[in-house]
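Chemist: CSV, C-alpha atoms and all ligand atoms, file model_2.csv:
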```csv
chain,number,residue,atom,x,y,z
A,1,MET,CA,192.9,68.0,98.1
A,2,PRO,CA,196.6,67.4,97.1
A,3,PRO,CA,198.4,70.7,96.9
A,4,CYS,CA,199.1,70.4,93.2
A,5,SER,CA,195.5,69.6,92.2
A,6,PRO,CA,193.4,72.3,90.6
A,7,ARG,CA,190.0,72.9,92.1
A,8,GLY,CA,186.9,70.9,91.3
A,9,ASP,CA,186.0,67.4,90.2
A,10,PHE,CA,189.0,66.4,88.1
A,11,SER,CA,188.9,62.7,87.9
A,12,ARG,CA,190.6,61.4,84.8
A,13,ARG,CA,187.3,60.3,83.3
A,14,ASN,CA,185.7,63.7,83.9
A,15,LEU,CA,188.6,65.5,82.4
A,16,ILE,CA,188.7,63.4,79.2
A,17,GLY,CA,185.0,63.8,78.9
A,18,LEU,CA,185.3,67.5,79.4
A,19,LEU,CA,188.1,68.1,77.0
A,20,GLY,CA,188.1,64.8,75.3
A,21,SER,CA,187.8,65.4,71.6
A,22,ALA,CA,190.5,68.0,71.5
A,23,ALA,CA,193.2,67.2,73.9
A,24,LEU,CA,194.1,64.8,76.6
A,25,VAL,CA,194.7,65.7,80.2
A,26,GLN,CA,197.1,64.3,82.7
A,27,GLU,CA,195.4,62.8,85.6
A,28,GLY,CA,195.3,64.9,88.8
A,29,HIS,CA,197.0,68.1,87.4
A,30,GLY,CA,194.6,69.5,84.8
A,31,LEU,CA,197.4,69.6,82.3
A,32,LEU,CA,196.6,70.0,78.6
A,33,LEU,CA,198.9,67.8,76.5
A,34,PRO,CA,198.9,69.1,72.9
A,35,GLU,CA,201.2,66.2,71.8
A,36,GLN,CA,198.5,63.7,72.7
A,37,ALA,CA,195.5,65.2,70.9
A,38,SER,CA,193.6,62.7,68.9
A,39,ARG,CA,193.9,64.8,65.8
A,40,LYS,CA,195.5,68.0,64.5
A,41,LEU,CA,193.6,71.0,65.8
A,42,THR,CA,193.2,74.6,64.9
A,43,VAL,CA,193.8,76.7,68.1
A,44,VAL,CA,193.0,80.4,68.2
A,45,PHE,CA,194.5,82.6,70.8
A,46,ALA,CA,192.5,85.9,70.9
A,47,GLY,CA,193.7,89.1,72.5
A,48,ALA,CA,192.7,92.7,72.4
A,49,HIS,CA,196.1,94.1,71.4
A,50,PRO,CA,199.3,92.9,69.7
A,51,ASP,CA,201.2,91.2,72.5
A,52,ASP,CA,198.2,90.0,74.5
A,53,PRO,CA,198.0,86.5,73.1
A,54,GLU,CA,201.8,86.2,73.4
A,55,SER,CA,201.9,87.4,76.9
A,56,ALA,CA,199.1,85.2,78.2
A,57,CYS,CA,199.7,82.1,76.1
A,58,GLY,CA,203.0,82.3,74.3
A,59,GLY,CA,204.5,79.2,75.8
A,60,SER,CA,201.3,77.3,75.0
A,61,MET,CA,201.2,78.7,71.4
A,62,ALA,CA,204.8,77.5,70.8
A,63,ARG,CA,203.9,74.1,72.3
A,64,PHE,CA,200.8,73.6,70.2
A,65,SER,CA,202.6,74.6,67.0
A,66,ALA,CA,205.5,72.4,67.8
A,67,ALA,CA,203.1,69.5,68.2
A,68,GLY,CA,201.8,70.1,64.6
A,69,HIS,CA,198.6,72.0,65.4
A,70,ARG,CA,197.6,75.1,63.5
A,71,VAL,CA,198.0,78.1,65.7
A,72,VAL,CA,196.3,81.5,65.1
A,73,ALA,CA,196.8,84.8,67.0
A,74,LEU,CA,193.6,86.8,66.6
A,75,TYR,CA,194.1,90.4,67.5
A,76,LEU,CA,191.0,92.6,68.0
A,77,THR,CA,193.0,95.7,67.3
A,78,ARG,CA,196.3,96.7,65.9
A,79,GLY,CA,197.3,98.6,69.1
A,80,GLU,CA,196.6,102.0,67.5
A,81,ALA,CA,196.7,103.9,70.8
A,82,GLY,CA,199.7,102.1,72.2
A,83,ILE,CA,202.7,104.2,71.2
A,84,ASP,CA,203.2,107.7,72.7
A,85,GLY,CA,203.9,110.3,70.1
A,86,LYS,CA,202.7,108.2,67.1
A,87,SER,CA,199.5,108.6,65.2
A,88,HIS,CA,197.1,105.7,65.2
A,89,ALA,CA,198.2,104.8,61.7
A,90,GLU,CA,201.8,104.8,62.6
A,91,ALA,CA,201.4,102.8,65.7
A,92,ALA,CA,199.2,100.3,63.9
A,93,ALA,CA,201.8,99.7,61.3
A,94,ILE,CA,204.6,99.3,63.9
A,95,ARG,CA,202.6,97.0,66.1
A,96,SER,CA,201.3,94.9,63.3
A,97,ARG,CA,204.9,94.2,62.2
A,98,GLU,CA,205.9,93.4,65.8
A,99,ALA,CA,202.9,91.0,66.0
A,100,GLU,CA,203.9,89.3,62.8
A,101,ARG,CA,207.4,88.8,64.0
A,102,ALA,CA,206.2,87.4,67.3
A,103,CYS,CA,203.9,85.0,65.5
A,104,GLN,CA,206.9,83.8,63.4
A,105,ILE,CA,208.7,83.0,66.6
A,106,LEU,CA,205.8,81.0,68.0
A,107,GLY,CA,204.8,79.3,64.8
A,108,ALA,CA,201.5,81.1,64.6
A,109,SER,CA,199.5,83.0,62.0
A,110,PRO,CA,198.4,86.5,62.8
A,111,VAL,CA,194.8,87.6,62.0
A,112,PHE,CA,193.5,91.1,62.7
A,113,CYS,CA,190.0,92.4,63.3
A,114,THR,CA,189.1,95.9,62.5
A,115,GLN,CA,188.4,97.4,66.0
A,116,VAL,CA,190.5,100.3,67.3
A,117,ASP,CA,192.7,100.2,70.5
A,118,GLY,CA,191.1,102.1,73.3
A,119,ALA,CA,187.8,102.5,71.5
A,120,THR,CA,186.6,98.9,71.1
A,121,GLU,CA,182.9,98.4,70.8
A,122,LEU,CA,180.4,95.8,71.9
A,123,ASN,CA,177.2,95.8,69.9
A,124,ALA,CA,175.3,93.5,67.5
A,125,LYS,CA,177.4,94.5,64.5
A,126,ARG,CA,180.7,93.8,66.3
A,127,TYR,CA,179.4,90.5,67.7
A,128,ASP,CA,178.7,89.4,64.2
A,129,GLU,CA,181.9,90.6,62.8
A,130,PHE,CA,184.0,89.0,65.4
A,131,ARG,CA,182.1,85.7,65.2
A,132,GLN,CA,182.6,85.6,61.4
A,133,VAL,CA,186.3,86.3,61.6
A,134,LEU,CA,186.7,83.7,64.3
A,135,LEU,CA,184.7,81.0,62.7
A,136,ALA,CA,186.5,81.6,59.3
A,137,GLN,CA,189.5,80.0,61.1
A,138,LYS,CA,187.4,76.9,61.9
A,139,PRO,CA,188.7,76.7,65.5
A,140,ASP,CA,188.7,73.7,67.6
A,141,LEU,CA,189.9,75.5,70.7
A,142,VAL,CA,189.7,79.3,71.4
A,143,PHE,CA,191.6,81.0,74.2
A,144,THR,CA,190.4,84.5,75.1
A,145,HIS,CA,190.7,87.1,77.9
A,146,TRP,CA,189.1,86.5,81.3
A,147,PRO,CA,186.2,88.9,81.5
A,148,ILE,CA,187.1,90.4,84.9
A,149,ASP,CA,190.0,92.7,83.8
A,150,THR,CA,190.9,96.3,84.4
A,151,HIS,CA,191.4,97.0,80.7
A,152,ARG,CA,188.2,97.8,78.8
A,153,ASP,CA,189.4,96.3,75.5
A,154,HIS,CA,190.2,93.0,77.2
A,155,ARG,CA,186.7,92.8,78.6
A,156,VAL,CA,185.3,93.5,75.2
A,157,THR,CA,187.4,90.7,73.6
A,158,SER,CA,186.2,88.3,76.3
A,159,LEU,CA,182.6,89.0,75.7
A,160,LEU,CA,182.9,88.9,71.9
A,161,ALA,CA,184.5,85.4,72.1
A,162,TYR,CA,181.9,84.2,74.6
A,163,ASP,CA,179.1,85.4,72.4
A,164,ALA,CA,180.6,83.5,69.4
A,165,TRP,CA,180.9,80.4,71.6
A,166,GLN,CA,177.3,80.8,72.7
A,167,ARG,CA,176.0,81.2,69.2
A,168,THR,CA,177.8,78.1,67.9
A,169,GLN,CA,176.2,76.1,70.7
A,170,THR,CA,172.7,77.2,69.9
A,171,LYS,CA,173.1,77.1,66.2
A,172,GLY,CA,175.0,73.8,66.2
A,173,ARG,CA,177.6,75.0,63.7
A,174,GLY,CA,181.3,75.7,64.2
A,175,ALA,CA,181.3,74.6,67.9
A,176,PHE,CA,184.6,75.1,69.7
A,177,GLU,CA,186.0,74.7,73.2
A,178,LEU,CA,186.5,77.9,75.1
A,179,TYR,CA,189.2,78.7,77.5
A,180,TYR,CA,190.1,82.0,79.4
A,181,HIS,CA,193.6,83.2,79.8
A,182,GLU,CA,195.2,85.7,82.1
A,183,VAL,CA,197.4,88.8,81.4
A,184,LEU,CA,199.3,90.8,84.0
A,185,THR,CA,197.3,89.2,86.8
A,186,GLY,CA,196.7,91.5,89.7
A,187,ARG,CA,197.2,94.6,87.4
A,188,GLN,CA,194.8,93.6,84.7
A,189,THR,CA,193.2,90.1,85.1
A,190,GLN,CA,191.4,89.8,88.4
A,191,GLN,CA,190.0,87.0,90.5
A,192,PHE,CA,191.3,84.3,88.1
A,193,LEU,CA,191.2,80.8,89.5
A,194,PRO,CA,192.6,78.3,87.0
A,195,THR,CA,191.2,74.9,86.1
A,196,THR,CA,193.7,73.9,83.5
A,197,TYR,CA,197.4,74.3,82.7
A,198,VAL,CA,199.9,74.0,80.0
A,199,ASP,CA,203.5,73.1,81.0
A,200,VAL,CA,205.7,75.6,79.2
A,201,THR,CA,209.0,74.6,80.8
A,202,THR,CA,210.4,73.8,77.4
A,203,THR,CA,208.8,76.7,75.4
A,204,TRP,CA,208.9,79.7,77.7
A,205,ARG,CA,212.0,81.0,76.1
A,206,ARG,CA,210.2,81.3,72.8
A,207,LYS,CA,207.5,83.2,74.6
A,208,HIS,CA,210.1,85.5,76.1
A,209,ASP,CA,211.5,86.2,72.6
A,210,ALA,CA,208.0,86.7,71.1
A,211,ILE,CA,207.2,89.3,73.9
A,212,TYR,CA,210.5,91.0,73.2
A,213,ALA,CA,209.5,91.3,69.5
A,214,HIS,CA,207.1,93.9,70.7
A,215,VAL,CA,209.8,96.5,71.1
A,216,SER,CA,207.5,99.4,71.1
A,217,GLN,CA,205.8,98.1,74.3
A,218,LYS,CA,209.0,98.2,76.4
A,219,PRO,CA,208.8,94.5,77.2
A,220,ASP,CA,210.9,94.8,80.3
A,221,ASN,CA,207.9,96.4,81.9
A,222,CYS,CA,205.6,93.4,81.5
A,223,TYR,CA,207.7,90.3,81.0
A,224,GLU,CA,209.0,90.1,84.6
A,225,LEU,CA,205.5,89.8,86.0
A,226,HIS,CA,204.6,87.1,83.4
A,227,ALA,CA,207.8,85.2,84.3
A,228,ASP,CA,206.7,85.2,88.0
A,229,MET,CA,203.2,84.1,86.9
A,230,GLU,CA,204.7,81.2,84.9
A,231,LYS,CA,206.7,80.1,87.9
A,232,PHE,CA,203.7,80.4,90.3
A,233,ARG,CA,201.4,78.5,87.9
A,234,GLY,CA,204.1,75.9,87.6
A,235,LEU,CA,204.1,75.4,91.4
A,236,GLU,CA,200.3,75.0,91.2
A,237,CYS,CA,200.4,72.2,88.7
A,238,GLY,CA,203.7,70.5,89.5
A,239,CYS,CA,206.1,71.7,86.8
A,240,GLU,CA,208.8,74.4,86.5
A,241,ARG,CA,206.8,76.9,84.4
A,242,ALA,CA,203.1,76.8,83.3
A,243,GLU,CA,200.4,78.9,81.8
A,244,ALA,CA,197.0,78.8,83.4
A,245,TYR,CA,193.5,78.8,82.0
A,246,VAL,CA,189.9,78.5,83.0
A,247,ALA,CA,188.1,75.9,80.9
A,248,TYR,CA,184.6,77.1,80.1
A,249,ALA,CA,183.4,74.3,77.8
A,250,ARG,CA,181.4,72.4,80.3
A,251,GLY,CA,178.0,72.3,78.7
A,252,PRO,CA,176.4,69.3,77.0
A,253,ALA,CA,177.5,70.4,73.6
A,254,ARG,CA,180.8,68.7,72.8
A,255,LEU,CA,182.9,68.6,69.7
A,256,PRO,CA,182.5,65.3,67.8
A,257,ILE,CA,185.1,62.7,68.7
A,258,GLY,CA,187.6,61.8,66.1
A,301,ZN,ZN,196.0,94.3,76.1
```
Output the file's structure as structure tokens, nothing else.

Modeler:
Amino acid sequence: MPPCSPRGDFSRRNLIGLLGSAALVQEGHGLLLPEQASRKLTVVFAGAHPDDPESACGGSMARFSAAGHRVVALYLTRGEAGIDGKSHAEAAAIRSREAERACQILGASPVFCTQVDGATELNAKRYDEFRQVLLAQKPDLVFTHWPIDTHRDHRVTSLLAYDAWQRTQTKGRGAFELYYHEVLTGRQTQQFLPTTYVDVTTTWRRKHDAIYAHVSQKPDNCYELHADMEKFRGLECGCERAEAYVAYARGPARLPIG
């Protein structure tokens, strides 16, 4: 296998069949090309906390929005437990504003669910709630946390999104393609082996600025690792900087072409 090729059977035909209705893929590298999608898409980037979608996917978000697609950042919580010395209400207000600013930078629209940072729940009511919020956006593509992650809220978000994907497959309504993203790999995301990449060489600075909009999170603590991840993923797929994903949507149910 060439050193730049991702794992698995990635012939051009297979990739276009795999991802075909939503985005095209460059042969041999597993690169999503938002500018070459066959139509304008709605792309939802889900995360447990304000700053998760931006940290994992900010360069991709900027690239999708620049290509004319509708980009949504879906936050499971408002980061209520994320600022020392602040009440949940105070932290939620601060972090919601930071998320809104970050979304402005990336050309995205923020949407918030009603769960609480550090106390997220996984039950029938929460599955239904998340699915309804997600499907209200009419997504074509959904990016969510990889399920093997040291943070409990990230795992919850991952399973909520997977359940929504599963339900739309069996019910035949609102089907979308599902991708997993990575955050602080090694510290949080674990055992993540990408299948798919987005070249963010031209957009990583907007991601940087979006992450730094989350002032309360002391972005110096996390951006450095993400910059290293971008460079490493770039080496994997043959560009300067990239964000990496695992494409899940491999079942027989596909989005309609067109
Ligand atoms: Zn998080």

Chemist: Compute the set of protein, DNA and RNA residues whose minimum atom distance to ligand ZN 301 (chain A) is at most 7 Å, using all atoms listed in the file, and state it as a ChimeraX atom specification.

Modeler: /A:47-49,52,153-154

Chemist: Please tabulate, as CSV, the residues of stretch 39-147 of chain A that come within 8 Å of stretch 172-179 of chain A, each with its closest pair of atoms and the distance in Å to one decimal, counting all atoms listed in the file and ordering rows by chain, then residue number upward.

Modeler:
```
residue,atom,partner,partner_atom,distance
A:Leu135,CA,A:Gly174,CA,6.5
A:Lys138,CA,A:Gly174,CA,6.6
A:Pro139,CA,A:Phe176,CA,6.1
A:Asp140,CA,A:Phe176,CA,4.8
A:Leu141,CA,A:Glu177,CA,4.7
A:Val142,CA,A:Leu178,CA,5.1
A:Phe143,CA,A:Tyr179,CA,4.7
A:Thr144,CA,A:Tyr179,CA,6.4
```

Chemist: Those residues you just picked out, can you put them in a file as a compact mmCIF listing (two decimals), in the frame of the given file with C-alpha atoms?

Modeler:
```txt
# COMPACT_ATOMS: atom_id res chain seq x y z
CA LEU A 135 184.70 81.00 62.70
CA LYS A 138 187.40 76.90 61.90
CA PRO A 139 188.70 76.70 65.50
CA ASP A 140 188.70 73.70 67.60
CA LEU A 141 189.90 75.50 70.70
CA VAL A 142 189.70 79.30 71.40
CA PHE A 143 191.60 81.00 74.20
CA THR A 144 190.40 84.50 75.10
```

Chemist: Using only C-alpha atoms, determine which residues lie at most 8 Å from A:Phe45, disregarding the query and same-chain residues fewer than 5 positions distant; provide the list as a PyMOL selection string.

Modeler: chain A and resi 53+57+61+71-74+142-144

Chemist: Choose the residue, out of A:Asp209, A:Asp199, A:Asp149, A:Glu236, that has the smallest atom-to-atom separation from A:Leu32; count all atoms listed in the file.

Modeler: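 With all atoms listed in the file as the atom set, the closest residue is A:Asp199.
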
Chemist: Using all atoms listed in the file, pick whichever of A:Tyr212, A:Phe192, A:Tyr223, A:Tyr197 has the shortest atom-to-atom distance to A:Arg241.

Modeler: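 For A:Arg241, the nearest of the given residues is A:Tyr197.
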
Chemist: Which is closer to A:Phe232 than all the others in A:Thr42, A:Thr120, A:Thr185, A:Thr157, using only C-alpha atoms?

Modeler: A:Thr185

Chemist: How many Å lie between atom CA of A:Lys125 and atom CA of A:His151, rounded to one decimal?

Modeler: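 Separation of atom CA of A:Lys125 and atom CA of A:His151: 21.6 Å.
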
Chemist: To one decimal place in Å, what is the distance between atom CA of A:Asp117 and atom CA of A:Lys207?

Modeler: 22.9 Å

Chemist: Which is closest to A:Ala136 among A:Cys239, A:Gly59, A:Val44, A:Gln188, if we use only C-alpha atoms?

Modeler: A:Val44

Chemist: To one decimal place, how far is atom CA of A:Gly118 from atom CA of A:Val246 in Å?

Modeler: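 If I compute the distance from atom CA of A:Gly118 to atom CA of A:Val246, I get 25.5 Å.
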
Chemist: Show which residues sit within 12 Å of stretch 80-95 of chain A, as a list of chain:residue names. Count all atoms listed in the file, and ignore same-chain residues fewer than 4 positions away.

Modeler: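 Answer for this query is A:Ala48, A:His49, A:Pro50, A:Asp51, A:Asp52, A:Tyr75, A:Leu76, A:Ala99, A:Glu100, A:Arg101, A:Ala102, A:Pro110, A:Phe112, A:Thr114, A:Gln115, A:Val116, A:Asp117, A:Gly118, A:Ala119, A:Thr120, A:Asp153, A:Ile211, A:Ala213, A:His214, A:Val215, A:Ser216, A:Gln217, A:Lys218.
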
Chemist: Do you know which residues are at most 12 Å from A:Arg167 counting all atoms listed in the file, after dropping those on the same chain fewer than 2 positions away, and could you put them as a PyMOL selection string?

Modeler: chain A and resi 127-128+130-132+135+160-165+169-176+253

Chemist: Calculated over all atoms listed in the file, which of the candidates A:Arg205, A:Arg70, A:Arg233, A:Arg155 has the smallest distance to A:Gln137?

Modeler: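 Answer, going by the shortest atom-to-atom distance: A:Arg70.
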
Chemist: Using all atoms listed in the file, determine which residues lie at most 12 Å from A:Thr203, disregarding the query and same-chain residues fewer than 3 positions distant; provide the list as a ChimeraX atom specification.

Modeler: /A:54,57-67,105-107,198-200,206-210,230,240-243

Chemist: For each of A:Ile148, A:Leu41, A:Met229, A:Val183, take the minimum atom-to-atom distance to A:Ser55, counting all atoms listed in the file, then give the residue where this is smallest.

Modeler: A:Val183
